[in-house]
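Have a look at work06.pdb; it's PDB, C-alpha atoms and all ligand atoms:
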ATOM      1  CA  MET M   1      93.867 132.993  96.212
ATOM      2  CA  THR M   2      94.386 135.847  93.791
ATOM      3  CA  SER M   3      93.871 135.186  90.128
ATOM      4  CA  ASP M   4      97.567 135.232  89.327
ATOM      5  CA  SER M   5      98.697 133.033  92.175
ATOM      6  CA  HIS M   6      99.775 129.537  91.345
ATOM      7  CA  ARG M   7      99.730 126.490  93.565
ATOM      8  CA  SER M   8     101.831 123.407  93.344
ATOM      9  CA  GLY M   9     102.548 120.378  95.416
ATOM     10  CA  PHE M  10     102.135 116.694  96.040
ATOM     11  CA  ALA M  11      99.287 114.368  96.838
ATOM     12  CA  CYS M  12      99.044 110.652  97.361
ATOM     13  CA  PHE M  13      96.170 108.232  97.572
ATOM     14  CA  VAL M  14      96.144 105.482 100.119
ATOM     15  CA  GLY M  15      93.709 102.714 100.871
ATOM     16  CA  ARG M  16      93.435  98.987 100.935
ATOM     17  CA  PRO M  17      94.120  96.976  97.802
ATOM     18  CA  ASN M  18      91.554  97.478  95.059
ATOM     19  CA  ALA M  19      90.217 100.650  96.605
ATOM     20  CA  GLY M  20      90.556 102.276  93.194
ATOM     21  CA  LYS M  21      93.648 104.397  93.784
ATOM     22  CA  SER M  22      95.387 103.727  90.484
ATOM     23  CA  THR M  23      92.221 104.163  88.466
ATOM     24  CA  LEU M  24      91.533 107.423  90.252
ATOM     25  CA  THR M  25      95.060 108.666  89.610
ATOM     26  CA  ASN M  26      94.730 107.827  85.934
ATOM     27  CA  ALA M  27      91.339 109.484  85.690
ATOM     28  CA  LEU M  28      92.642 112.663  87.308
ATOM     29  CA  VAL M  29      95.806 112.746  85.264
ATOM     30  CA  GLY M  30      93.927 111.830  82.131
ATOM     31  CA  THR M  31      96.615 109.618  80.658
ATOM     32  CA  LYS M  32      97.897 106.224  81.503
ATOM     33  CA  VAL M  33     101.049 107.288  83.231
ATOM     34  CA  ALA M  34     100.578 106.039  86.690
ATOM     35  CA  ILE M  35     100.781 102.647  85.034
ATOM     36  CA  THR M  36      98.060 100.830  86.911
ATOM     37  CA  SER M  37     100.882  98.628  88.085
ATOM     38  CA  SER M  38     101.128 100.732  91.174
ATOM     39  CA  LYS M  39      99.864  97.862  93.177
ATOM     40  CA  PRO M  40     100.341  98.290  96.872
ATOM     41  CA  GLN M  41     102.522  95.666  98.400
ATOM     42  CA  THR M  42     104.250  95.142  95.097
ATOM     43  CA  THR M  43     105.132  98.687  94.161
ATOM     44  CA  ARG M  44     108.462  99.882  95.454
ATOM     45  CA  HIS M  45     108.921 102.866  93.258
ATOM     46  CA  THR M  46     107.043 106.060  93.564
ATOM     47  CA  ILE M  47     105.378 106.909  90.324
ATOM     48  CA  ARG M  48     103.905 110.306  89.772
ATOM     49  CA  GLY M  49     101.155 111.493  87.554
ATOM     50  CA  ILE M  50     100.765 115.226  87.144
ATOM     51  CA  VAL M  51      97.539 117.171  86.900
ATOM     52  CA  HIS M  52      98.281 120.345  84.951
ATOM     53  CA  ARG M  53      96.002 123.303  85.326
ATOM     54  CA  PRO M  54      96.470 126.951  84.468
ATOM     55  CA  GLU M  55      96.458 127.874  88.145
ATOM     56  CA  ALA M  56      97.930 124.781  89.713
ATOM     57  CA  GLN M  57     100.077 121.760  89.349
ATOM     58  CA  LEU M  58      99.200 118.709  91.362
ATOM     59  CA  VAL M  59     101.738 115.910  91.453
ATOM     60  CA  ILE M  60     100.229 112.587  92.427
ATOM     61  CA  VAL M  61     102.614 110.237  94.107
ATOM     62  CA  ASP M  62     101.593 106.623  94.113
ATOM     63  CA  THR M  63     102.723 104.762  97.181
ATOM     64  CA  PRO M  64     102.750 101.102  97.979
ATOM     65  CA  GLY M  65     100.056 100.106 100.405
ATOM     66  CA  LEU M  66     100.612 100.108 104.096
ATOM     67  CA  HIS M  67     100.228  96.680 105.597
ATOM     68  CA  ARG M  68     101.112  94.793 108.695
ATOM     69  CA  PRO M  69     104.804  94.094 108.199
ATOM     70  CA  ARG M  70     105.690  90.420 108.215
ATOM     71  CA  THR M  71     108.971  90.572 106.346
ATOM     72  CA  LEU M  72     111.882  92.901 105.943
ATOM     73  CA  LEU M  73     110.419  93.977 102.620
ATOM     74  CA  GLY M  74     107.145  94.694 104.381
ATOM     75  CA  GLN M  75     108.901  96.890 106.920
ATOM     76  CA  ARG M  76     110.787  98.797 104.271
ATOM     77  CA  LEU M  77     107.631  99.346 102.292
ATOM     78  CA  ASN M  78     105.873 100.697 105.352
ATOM     79  CA  ASP M  79     108.758 103.047 106.041
ATOM     80  CA  LEU M  80     108.611 104.187 102.456
ATOM     81  CA  VAL M  81     104.888 104.818 102.746
ATOM     82  CA  LYS M  82     105.296 106.878 105.881
ATOM     83  CA  GLU M  83     108.126 108.839 104.351
ATOM     84  CA  THR M  84     105.886 109.621 101.416
ATOM     85  CA  TRP M  85     103.074 110.742 103.670
ATOM     86  CA  ALA M  86     105.396 113.086 105.463
ATOM     87  CA  GLU M  87     106.518 114.620 102.195
ATOM     88  CA  VAL M  88     103.197 115.244 100.495
ATOM     89  CA  ASP M  89     100.875 118.204 100.967
ATOM     90  CA  VAL M  90      97.677 116.227 101.054
ATOM     91  CA  VAL M  91      96.663 112.578 101.377
ATOM     92  CA  GLY M  92      93.491 111.006  99.998
ATOM     93  CA  LEU M  93      92.212 107.957 101.861
ATOM     94  CA  CYS M  94      90.224 105.887  99.382
ATOM     95  CA  VAL M  95      87.470 103.565 100.494
ATOM     96  CA  PRO M  96      85.311 101.840  97.891
ATOM     97  CA  ALA M  97      81.585 102.522  98.095
ATOM     98  CA  ASP M  98      80.706  98.888  97.602
ATOM     99  CA  GLN M  99      82.603  97.469 100.552
ATOM    100  CA  LYS M 100      82.089  97.881 104.255
ATOM    101  CA  VAL M 101      84.544 100.107 106.075
ATOM    102  CA  GLY M 102      86.606  97.482 107.843
ATOM    103  CA  PRO M 103      89.676  96.803 109.964
ATOM    104  CA  GLY M 104      91.979  97.351 106.978
ATOM    105  CA  ASP M 105      90.643 100.868 106.504
ATOM    106  CA  ARG M 106      90.832 101.581 110.217
ATOM    107  CA  PHE M 107      94.425 100.373 110.382
ATOM    108  CA  ILE M 108      95.414 102.832 107.674
ATOM    109  CA  ALA M 109      93.294 105.606 109.187
ATOM    110  CA  ASN M 110      94.957 105.144 112.575
ATOM    111  CA  GLU M 111      98.353 105.604 110.992
ATOM    112  CA  LEU M 112      97.132 108.566 108.964
ATOM    113  CA  ALA M 113      95.634 110.226 112.016
ATOM    114  CA  LYS M 114      99.162 110.527 113.398
ATOM    115  CA  ILE M 115     100.214 112.746 110.537
ATOM    116  CA  ALA M 116      96.871 114.480 109.957
ATOM    117  CA  ARG M 117      97.790 117.559 111.928
ATOM    118  CA  LYS M 118     100.619 118.286 109.531
ATOM    119  CA  THR M 119      99.205 116.790 106.348
ATOM    120  CA  PRO M 120      95.486 117.177 105.643
ATOM    121  CA  VAL M 121      93.686 113.939 104.811
ATOM    122  CA  ILE M 122      90.727 113.882 102.437
ATOM    123  CA  GLY M 123      88.309 110.977 102.822
ATOM    124  CA  ILE M 124      87.317 109.661  99.396
ATOM    125  CA  VAL M 125      84.489 107.222  98.769
ATOM    126  CA  THR M 126      85.369 105.656  95.413
ATOM    127  CA  LYS M 127      83.377 103.661  92.835
ATOM    128  CA  THR M 128      80.086 105.407  93.595
ATOM    129  CA  ASP M 129      78.744 104.142  90.272
ATOM    130  CA  LEU M 130      78.491 100.678  91.815
ATOM    131  CA  VAL M 131      75.947 101.554  94.512
ATOM    132  CA  SER M 132      72.843 103.637  95.199
ATOM    133  CA  GLN M 133      72.976 107.217  96.427
ATOM    134  CA  GLN M 134      71.660 106.008  99.758
ATOM    135  CA  GLN M 135      74.607 103.627 100.086
ATOM    136  CA  VAL M 136      77.040 106.397  99.158
ATOM    137  CA  ALA M 137      75.598 108.527 101.935
ATOM    138  CA  GLU M 138      75.893 105.668 104.405
ATOM    139  CA  GLN M 139      79.477 105.021 103.366
ATOM    140  CA  LEU M 140      80.353 108.672 103.881
ATOM    141  CA  LEU M 141      78.924 108.462 107.386
ATOM    142  CA  ALA M 142      80.832 105.272 108.124
ATOM    143  CA  LEU M 143      84.047 106.764 106.808
ATOM    144  CA  GLN M 144      83.589 109.909 108.858
ATOM    145  CA  LYS M 145      83.824 107.759 111.981
ATOM    146  CA  VAL M 146      87.298 106.352 111.322
ATOM    147  CA  MET M 147      89.201 109.601 111.661
ATOM    148  CA  GLU M 148      88.964 113.348 111.369
ATOM    149  CA  PHE M 149      89.121 114.347 107.717
ATOM    150  CA  ALA M 150      89.866 117.735 106.249
ATOM    151  CA  GLU M 151      87.223 116.985 103.592
ATOM    152  CA  LEU M 152      84.999 114.102 102.540
ATOM    153  CA  VAL M 153      84.053 113.463  98.946
ATOM    154  CA  PRO M 154      82.399 110.681  96.927
ATOM    155  CA  VAL M 155      83.754 110.049  93.428
ATOM    156  CA  SER M 156      83.588 107.648  90.533
ATOM    157  CA  ALA M 157      86.665 107.354  88.372
ATOM    158  CA  LYS M 158      84.654 105.256  85.964
ATOM    159  CA  ASP M 159      82.009 107.797  85.044
ATOM    160  CA  GLY M 160      83.945 110.889  86.052
ATOM    161  CA  TYR M 161      81.581 111.804  88.863
ATOM    162  CA  GLN M 162      83.027 114.575  91.060
ATOM    163  CA  LEU M 163      86.569 114.220  89.734
ATOM    164  CA  GLU M 164      86.795 117.964  89.236
ATOM    165  CA  VAL M 165      85.503 118.536  92.745
ATOM    166  CA  LEU M 166      88.169 116.217  94.104
ATOM    167  CA  ALA M 167      90.861 117.906  92.028
ATOM    168  CA  ASP M 168      89.734 121.275  93.414
ATOM    169  CA  LEU M 169      89.837 119.984  96.980
ATOM    170  CA  LEU M 170      93.321 118.556  96.486
ATOM    171  CA  VAL M 171      94.606 121.690  94.802
ATOM    172  CA  GLY M 172      93.082 123.744  97.619
ATOM    173  CA  LYS M 173      95.441 122.045 100.060
ATOM    174  CA  LEU M 174      98.568 122.873  98.073
ATOM    175  CA  PRO M 175     100.811 125.755  98.998
ATOM    176  CA  GLU M 176     101.304 128.624  96.625
ATOM    177  CA  GLY M 177     104.269 127.935  94.434
ATOM    178  CA  PRO M 178     105.547 127.773  90.879
ATOM    179  CA  ARG M 179     105.155 124.862  88.502
ATOM    180  CA  LEU M 180     107.384 121.983  89.507
ATOM    181  CA  TYR M 181     107.485 120.275  86.131
ATOM    182  CA  PRO M 182     107.172 121.545  82.569
ATOM    183  CA  ASP M 183     103.717 121.215  81.008
ATOM    184  CA  GLY M 184     103.128 117.906  79.403
ATOM    185  CA  GLU M 185     105.683 116.133  81.485
ATOM    186  CA  LEU M 186     103.949 113.248  83.066
ATOM    187  CA  THR M 187     106.432 111.480  85.228
ATOM    188  CA  ASP M 188     109.960 111.932  86.500
ATOM    189  CA  GLU M 189     110.804 108.308  87.022
ATOM    190  CA  PRO M 190     113.909 107.138  85.223
ATOM    191  CA  GLU M 191     112.939 105.173  82.170
ATOM    192  CA  ALA M 192     114.429 101.893  83.347
ATOM    193  CA  THR M 193     112.241 101.987  86.426
ATOM    194  CA  LEU M 194     109.148 102.596  84.369
ATOM    195  CA  VAL M 195     110.108  99.807  82.016
ATOM    196  CA  ALA M 196     110.537  97.454  84.987
ATOM    197  CA  GLU M 197     107.125  98.526  86.288
ATOM    198  CA  LEU M 198     105.512  97.815  82.946
ATOM    199  CA  ILE M 199     107.006  94.338  82.844
ATOM    200  CA  ARG M 200     105.913  93.617  86.386
ATOM    201  CA  GLU M 201     102.431  94.896  85.639
ATOM    202  CA  ALA M 202     102.187  92.585  82.638
ATOM    203  CA  ALA M 203     103.527  89.660  84.662
ATOM    204  CA  LEU M 204     101.036  90.207  87.485
ATOM    205  CA  GLU M 205      98.066  90.480  85.165
ATOM    206  CA  GLY M 206      95.556  87.849  86.238
ATOM    207  CA  VAL M 207      97.795  86.267  88.891
ATOM    208  CA  ARG M 208      97.980  89.105  91.376
ATOM    209  CA  ASP M 209      96.247  87.050  94.063
ATOM    210  CA  GLU M 210      98.632  84.146  93.693
ATOM    211  CA  LEU M 211     101.785  86.250  93.606
ATOM    212  CA  PRO M 212     101.090  89.379  95.576
ATOM    213  CA  HIS M 213     104.486  90.119  97.108
ATOM    214  CA  SER M 214     106.715  87.751  95.333
ATOM    215  CA  ILE M 215     107.976  89.273  92.150
ATOM    216  CA  ALA M 216     110.484  91.934  91.295
ATOM    217  CA  VAL M 217     111.754  93.067  87.931
ATOM    218  CA  VAL M 218     115.196  94.452  87.285
ATOM    219  CA  VAL M 219     116.123  95.981  83.945
ATOM    220  CA  GLU M 220     119.745  94.982  83.488
ATOM    221  CA  GLU M 221     120.413  96.852  80.292
ATOM    222  CA  MET M 222     118.637  99.068  77.820
ATOM    223  CA  LEU M 223     120.698  99.868  74.721
ATOM    224  CA  PRO M 224     120.120 100.798  71.097
ATOM    225  CA  ARG M 225     120.863  97.810  68.841
ATOM    226  CA  GLU M 226     124.256  98.216  67.220
ATOM    227  CA  GLY M 227     124.013  99.744  63.801
ATOM    228  CA  ARG M 228     120.296 100.488  64.213
ATOM    229  CA  ASP M 229     118.702 103.682  65.384
ATOM    230  CA  ASP M 230     115.160 102.327  65.416
ATOM    231  CA  LEU M 231     115.509  99.450  67.859
ATOM    232  CA  ILE M 232     116.294  99.256  71.553
ATOM    233  CA  ASP M 233     117.330  96.033  73.244
ATOM    234  CA  VAL M 234     115.880  95.662  76.708
ATOM    235  CA  HIS M 235     117.326  92.947  78.926
ATOM    236  CA  ALA M 236     115.342  92.294  82.060
ATOM    237  CA  ASN M 237     115.187  89.721  84.823
ATOM    238  CA  LEU M 238     112.004  88.833  86.572
ATOM    239  CA  PHE M 239     112.671  87.492  90.056
ATOM    240  CA  VAL M 240     110.368  85.104  91.844
ATOM    241  CA  GLU M 241     110.907  83.290  95.110
ATOM    242  CA  ARG M 242     109.985  79.736  94.270
ATOM    243  CA  THR M 243     109.855  77.239  91.441
ATOM    244  CA  SER M 244     106.083  77.083  91.769
ATOM    245  CA  GLN M 245     105.887  80.813  91.137
ATOM    246  CA  LYS M 246     108.116  80.491  88.131
ATOM    247  CA  ALA M 247     105.656  77.950  86.768
ATOM    248  CA  ILE M 248     102.779  80.368  87.255
ATOM    249  CA  ILE M 249     104.574  83.113  85.349
ATOM    250  CA  LEU M 250     105.625  80.716  82.600
ATOM    251  CA  GLY M 251     102.209  79.156  82.145
ATOM    252  CA  HIS M 252     101.465  76.103  80.059
ATOM    253  CA  ARG M 253     104.425  75.552  77.735
ATOM    254  CA  GLY M 254     105.606  79.079  78.359
ATOM    255  CA  GLU M 255     102.506  80.547  76.725
ATOM    256  CA  ARG M 256     101.826  82.924  79.573
ATOM    257  CA  LEU M 257     105.340  84.332  79.640
ATOM    258  CA  LYS M 258     105.103  84.878  75.919
ATOM    259  CA  GLN M 259     101.935  86.888  76.453
ATOM    260  CA  VAL M 260     103.587  88.842  79.273
ATOM    261  CA  GLY M 261     106.410  89.706  76.882
ATOM    262  CA  ILE M 262     104.026  90.838  74.154
ATOM    263  CA  THR M 263     101.961  92.993  76.503
ATOM    264  CA  ALA M 264     105.010  94.531  78.152
ATOM    265  CA  ARG M 265     106.710  95.159  74.825
ATOM    266  CA  ARG M 266     103.719  97.047  73.492
ATOM    267  CA  GLN M 267     103.593  99.261  76.570
ATOM    268  CA  ILE M 268     107.345  99.851  76.575
ATOM    269  CA  GLU M 269     107.316 100.787  72.899
ATOM    270  CA  ARG M 270     104.656 103.345  73.647
ATOM    271  CA  LEU M 271     106.647 104.700  76.556
ATOM    272  CA  LEU M 272     109.944 104.938  74.701
ATOM    273  CA  GLY M 273     108.526 105.794  71.289
ATOM    274  CA  SER M 274     110.753 103.212  69.680
ATOM    275  CA  LYS M 275     110.643  99.583  68.637
ATOM    276  CA  ILE M 276     112.145  97.344  71.253
ATOM    277  CA  TYR M 277     113.359  93.814  71.587
ATOM    278  CA  LEU M 278     112.534  92.462  75.009
ATOM    279  CA  ASP M 279     114.803  89.792  76.410
ATOM    280  CA  LEU M 280     113.071  88.595  79.548
ATOM    281  CA  HIS M 281     114.365  85.913  81.913
ATOM    282  CA  ILE M 282     112.820  84.436  85.003
ATOM    283  CA  LYS M 283     115.137  83.896  87.940
ATOM    284  CA  ILE M 284     114.539  82.430  91.309
ATOM    285  CA  ALA M 285     115.772  84.580  94.160
ATOM    286  CA  LYS M 286     114.991  82.403  97.118
ATOM    287  CA  ASP M 287     113.277  84.225  99.939
ATOM    288  CA  TRP M 288     114.475  87.520  98.579
ATOM    289  CA  GLN M 289     112.009  89.369 100.721
ATOM    290  CA  ARG M 290     113.877  88.375 103.833
ATOM    291  CA  ASP M 291     117.428  88.773 102.686
ATOM    292  CA  PRO M 292     118.924  92.267 103.013
ATOM    293  CA  LYS M 293     121.654  91.563 100.466
ATOM    294  CA  GLN M 294     119.207  90.435  97.833
ATOM    295  CA  LEU M 295     116.924  93.320  98.651
ATOM    296  CA  ARG M 296     119.714  95.781  98.025
ATOM    297  CA  ARG M 297     120.631  94.148  94.773
ATOM    298  CA  LEU M 298     117.034  94.457  93.639
ATOM    299  CA  GLY M 299     117.055  98.123  94.447
ATOM    300  CA  PHE M 300     115.182  98.245  97.731
TER     301      PHE M 300
HETATM  302  N1  LIG V   1      82.874 100.510  88.780
HETATM  303  C1  LIG V   1      84.030 101.085  89.113
HETATM  304  N2  LIG V   1      85.135 100.332  89.222
HETATM  305  C2  LIG V   1      86.293 100.946  89.553
HETATM  306  C3  LIG V   1      86.378 102.342  89.760
HETATM  307  N3  LIG V   1      87.649 102.639  90.102
HETATM  308  C4  LIG V   1      88.324 101.476  90.071
HETATM  309  N4  LIG V   1      87.526 100.455  89.743
HETATM  310  C5  LIG V   1      87.907  99.044  89.616
HETATM  311  O1  LIG V   1      88.354  98.548  90.849
HETATM  312  C6  LIG V   1      89.473  97.673  90.696
HETATM  313  C7  LIG V   1      90.661  98.173  91.466
HETATM  314  O2  LIG V   1      91.057  99.421  90.946
HETATM  315  P1  LIG V   1      92.554  99.952  91.071
HETATM  316  O3  LIG V   1      92.571 101.336  90.598
HETATM  317  O4  LIG V   1      93.500  98.970  90.503
HETATM  318  O5  LIG V   1      92.667  99.940  92.649
HETATM  319  P2  LIG V   1      93.963 100.190  93.515
HETATM  320  O6  LIG V   1      93.515 100.762  94.796
HETATM  321  O7  LIG V   1      94.973 100.948  92.751
HETATM  322  O8  LIG V   1      94.358  98.703  93.678
HETATM  323  P3  LIG V   1      95.684  98.171  94.327
HETATM  324  O9  LIG V   1      96.756  98.898  93.592
HETATM  325  O10 LIG V   1      95.623  96.701  94.082
HETATM  326  O11 LIG V   1      95.563  98.557  95.740
HETATM  327  C8  LIG V   1      89.743  97.623  89.194
HETATM  328  O12 LIG V   1      89.106  96.477  88.685
HETATM  329  C9  LIG V   1      89.066  98.879  88.667
HETATM  330  O13 LIG V   1      88.613  98.722  87.348
HETATM  331  C10 LIG V   1      85.164 103.114  89.636
HETATM  332  O14 LIG V   1      85.116 104.339  89.806
HETATM  333  N5  LIG V   1      84.033 102.425  89.310
END

Have the structure of the file written as structure tokens, please.
Amino acid sequence: MTSDSHRSGFACFVGRPNAGKSTLTNALVGTKVAITSSKPQTTRHTIRGIVHRPEAQLVIVDTPGLHRPRTLLGQRLNDLVKETWAEVDVVGLCVPADQKVGPGDRFIANELAKIARKTPVIGIVTKTDLVSQQQVAEQLLALQKVMEFAELVPVSAKDGYQLEVLADLLVGKLPEGPRLYPDGELTDEPEATLVAELIREAALEGVRDELPHSIAVVVEEMLPREGRDDLIDVHANLFVERTSQKAIILGHRGERLKQVGITARRQIERLLGSKIYLDLHIKIAKDWQRDPKQLRRLGF
């Protein structure tokens, strides 16, 4: 690469839940843009964080996780994941250092291997701060066996270990090209989508295991309050499938929902740079994951 050439393109991280993908994206991007909400199996929208460098621009696309499809939603998510893989320039397969390489990783690797000839795949051992060097080495060896990687690299998003190395490896796989986004621009998602993500993130906080696939948030309206230029009214519906799930979100005497609202409001205010009033309602959309009409209405 000559000194005046510029590279740009797209990367995405894949891996089983909790592999550290969101944290890694945030650490690379350096700002909380990829809203750690990008939880596989619950994320429908692609959220990008952008790594700006003088010689390159790396756009990180966060995809929902690939999983064995059991519902229509599951199938659509998997299609979305594969579409994303086909569109990016490089994929990072994340496997945490502190957990054995298992069937979940191999399932993803098998799917990735099918696209690896077109899209290079970098094997990433994450969370190296949690284990000894010896264990990191063993994990690298174990990972090497699941598929053929373009590169293998151990990193820790927590203490910053090898993040620059990873960024270099990712950038190295990008084609030469001009900047895709202006400097400083961190995401190209429409604001309403980001707002919905923030609300869902707040709602899932602490109950992710109980409600992994079952909630969706739709922002119905986002308007400046009449006669005020310092306040935006946000009306949003949070859909769950069952009464029991509604109870989980609500919490004892609605305390949990109140907390969800406070957390989400703070994040949304930061995103929009304005005070907001958040009007949040819980609705039950029975079995929405299986119903194509409901799915469409919720934006799938
Ligand atoms: N010690 C340590 N913990 C980490 C590191 N990276 C992520 N974690 C933790 O691992 C957990 C999962 O991290 P996430 O970034 O949410 O993982 P993810 O792959 O995006 O998770 P899903 O979206 O649920 O698939 C969180 O509790 C993180 O704080 C790391 O480098 N070191």

- Message: So that I can check the surroundings of Lys283 (chain M), please list as a list in words every protein, DNA and RNA residue that reaches within 7 Å of it, counting all atoms listed in the file and ignoring chain neighbours fewer than 5 positions away.
- Response: Asn237, Leu238, Phe239 and Val240 of chain M

- Query: Hey, which residues come within 6 Å of ligand LIG 1 (chain V) if we count all atoms listed in the file? Could you give them as a list in words?
  - Reply: Arg16, Pro17, Asn18, Ala19, Gly20, Lys21, Ser22, Thr23, Ser38, Lys39, Pro40, Thr126, Lys127, Asp129, Leu130, Ser156, Ala157 and Lys158 of chain M

- Item | Residues matched by the PyMOL selection byres (((chain M and resi 231) around 8) and not hetatm), written as a count of residues only | 11

- Message: Taking the file as I've supplied it (selection: the PyMOL selection byres (((chain M and resi 244-254) around 8) and not hetatm)), which residues are included? Please answer as a VMD selection string.
- Response: chain M and resid 203 207 211 240 to 243 255 to 258 282 to 284

- Query: Which residues match the PyMOL selection byres (((chain M and resi 217) around 7) and not hetatm) in the file above, as a PyMOL selection string?
  - Reply: chain M and resi 196+200+215-216+218-219+236-239

Dump C-alpha atoms for the selected residues as a PDB file, in the coordinates of the input?
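File produced: part00.pdb:
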ATOM      1  CA  ALA M 196     110.537  97.454  84.987  1.00  0.00           C
ATOM      2  CA  ARG M 200     105.913  93.617  86.386  1.00  0.00           C
ATOM      3  CA  ILE M 215     107.976  89.273  92.150  1.00  0.00           C
ATOM      4  CA  ALA M 216     110.484  91.934  91.295  1.00  0.00           C
ATOM      5  CA  VAL M 218     115.196  94.452  87.285  1.00  0.00           C
ATOM      6  CA  VAL M 219     116.123  95.981  83.945  1.00  0.00           C
ATOM      7  CA  ALA M 236     115.342  92.294  82.060  1.00  0.00           C
ATOM      8  CA  ASN M 237     115.187  89.721  84.823  1.00  0.00           C
ATOM      9  CA  LEU M 238     112.004  88.833  86.572  1.00  0.00           C
ATOM     10  CA  PHE M 239     112.671  87.492  90.056  1.00  0.00           C
TER      11      PHE M 239
END

- Message: Could you check the closest approach to Leu141 (chain M) for each of M:Leu180, M:Ala167, M:Ala97, M:Leu194 and tell me which residue wins, using all atoms listed in the file?
- Response: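 Between M:Leu180, M:Ala167, M:Ala97, M:Leu194, the residue approaching Leu141 (chain M) most closely is M:Ala97.
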
- Residues within 8 Å of Val90 (chain M), only C-alpha atoms, excluding chain neighbours under 4 positions, as a VMD selection string: chain M and resid 10 to 12 119 to 122 170 173 to 174

- Quote the spacing between CA of Thr84 (chain M) and CA of Arg270 (chain M) in Å to one decimal place. 28.5 Å
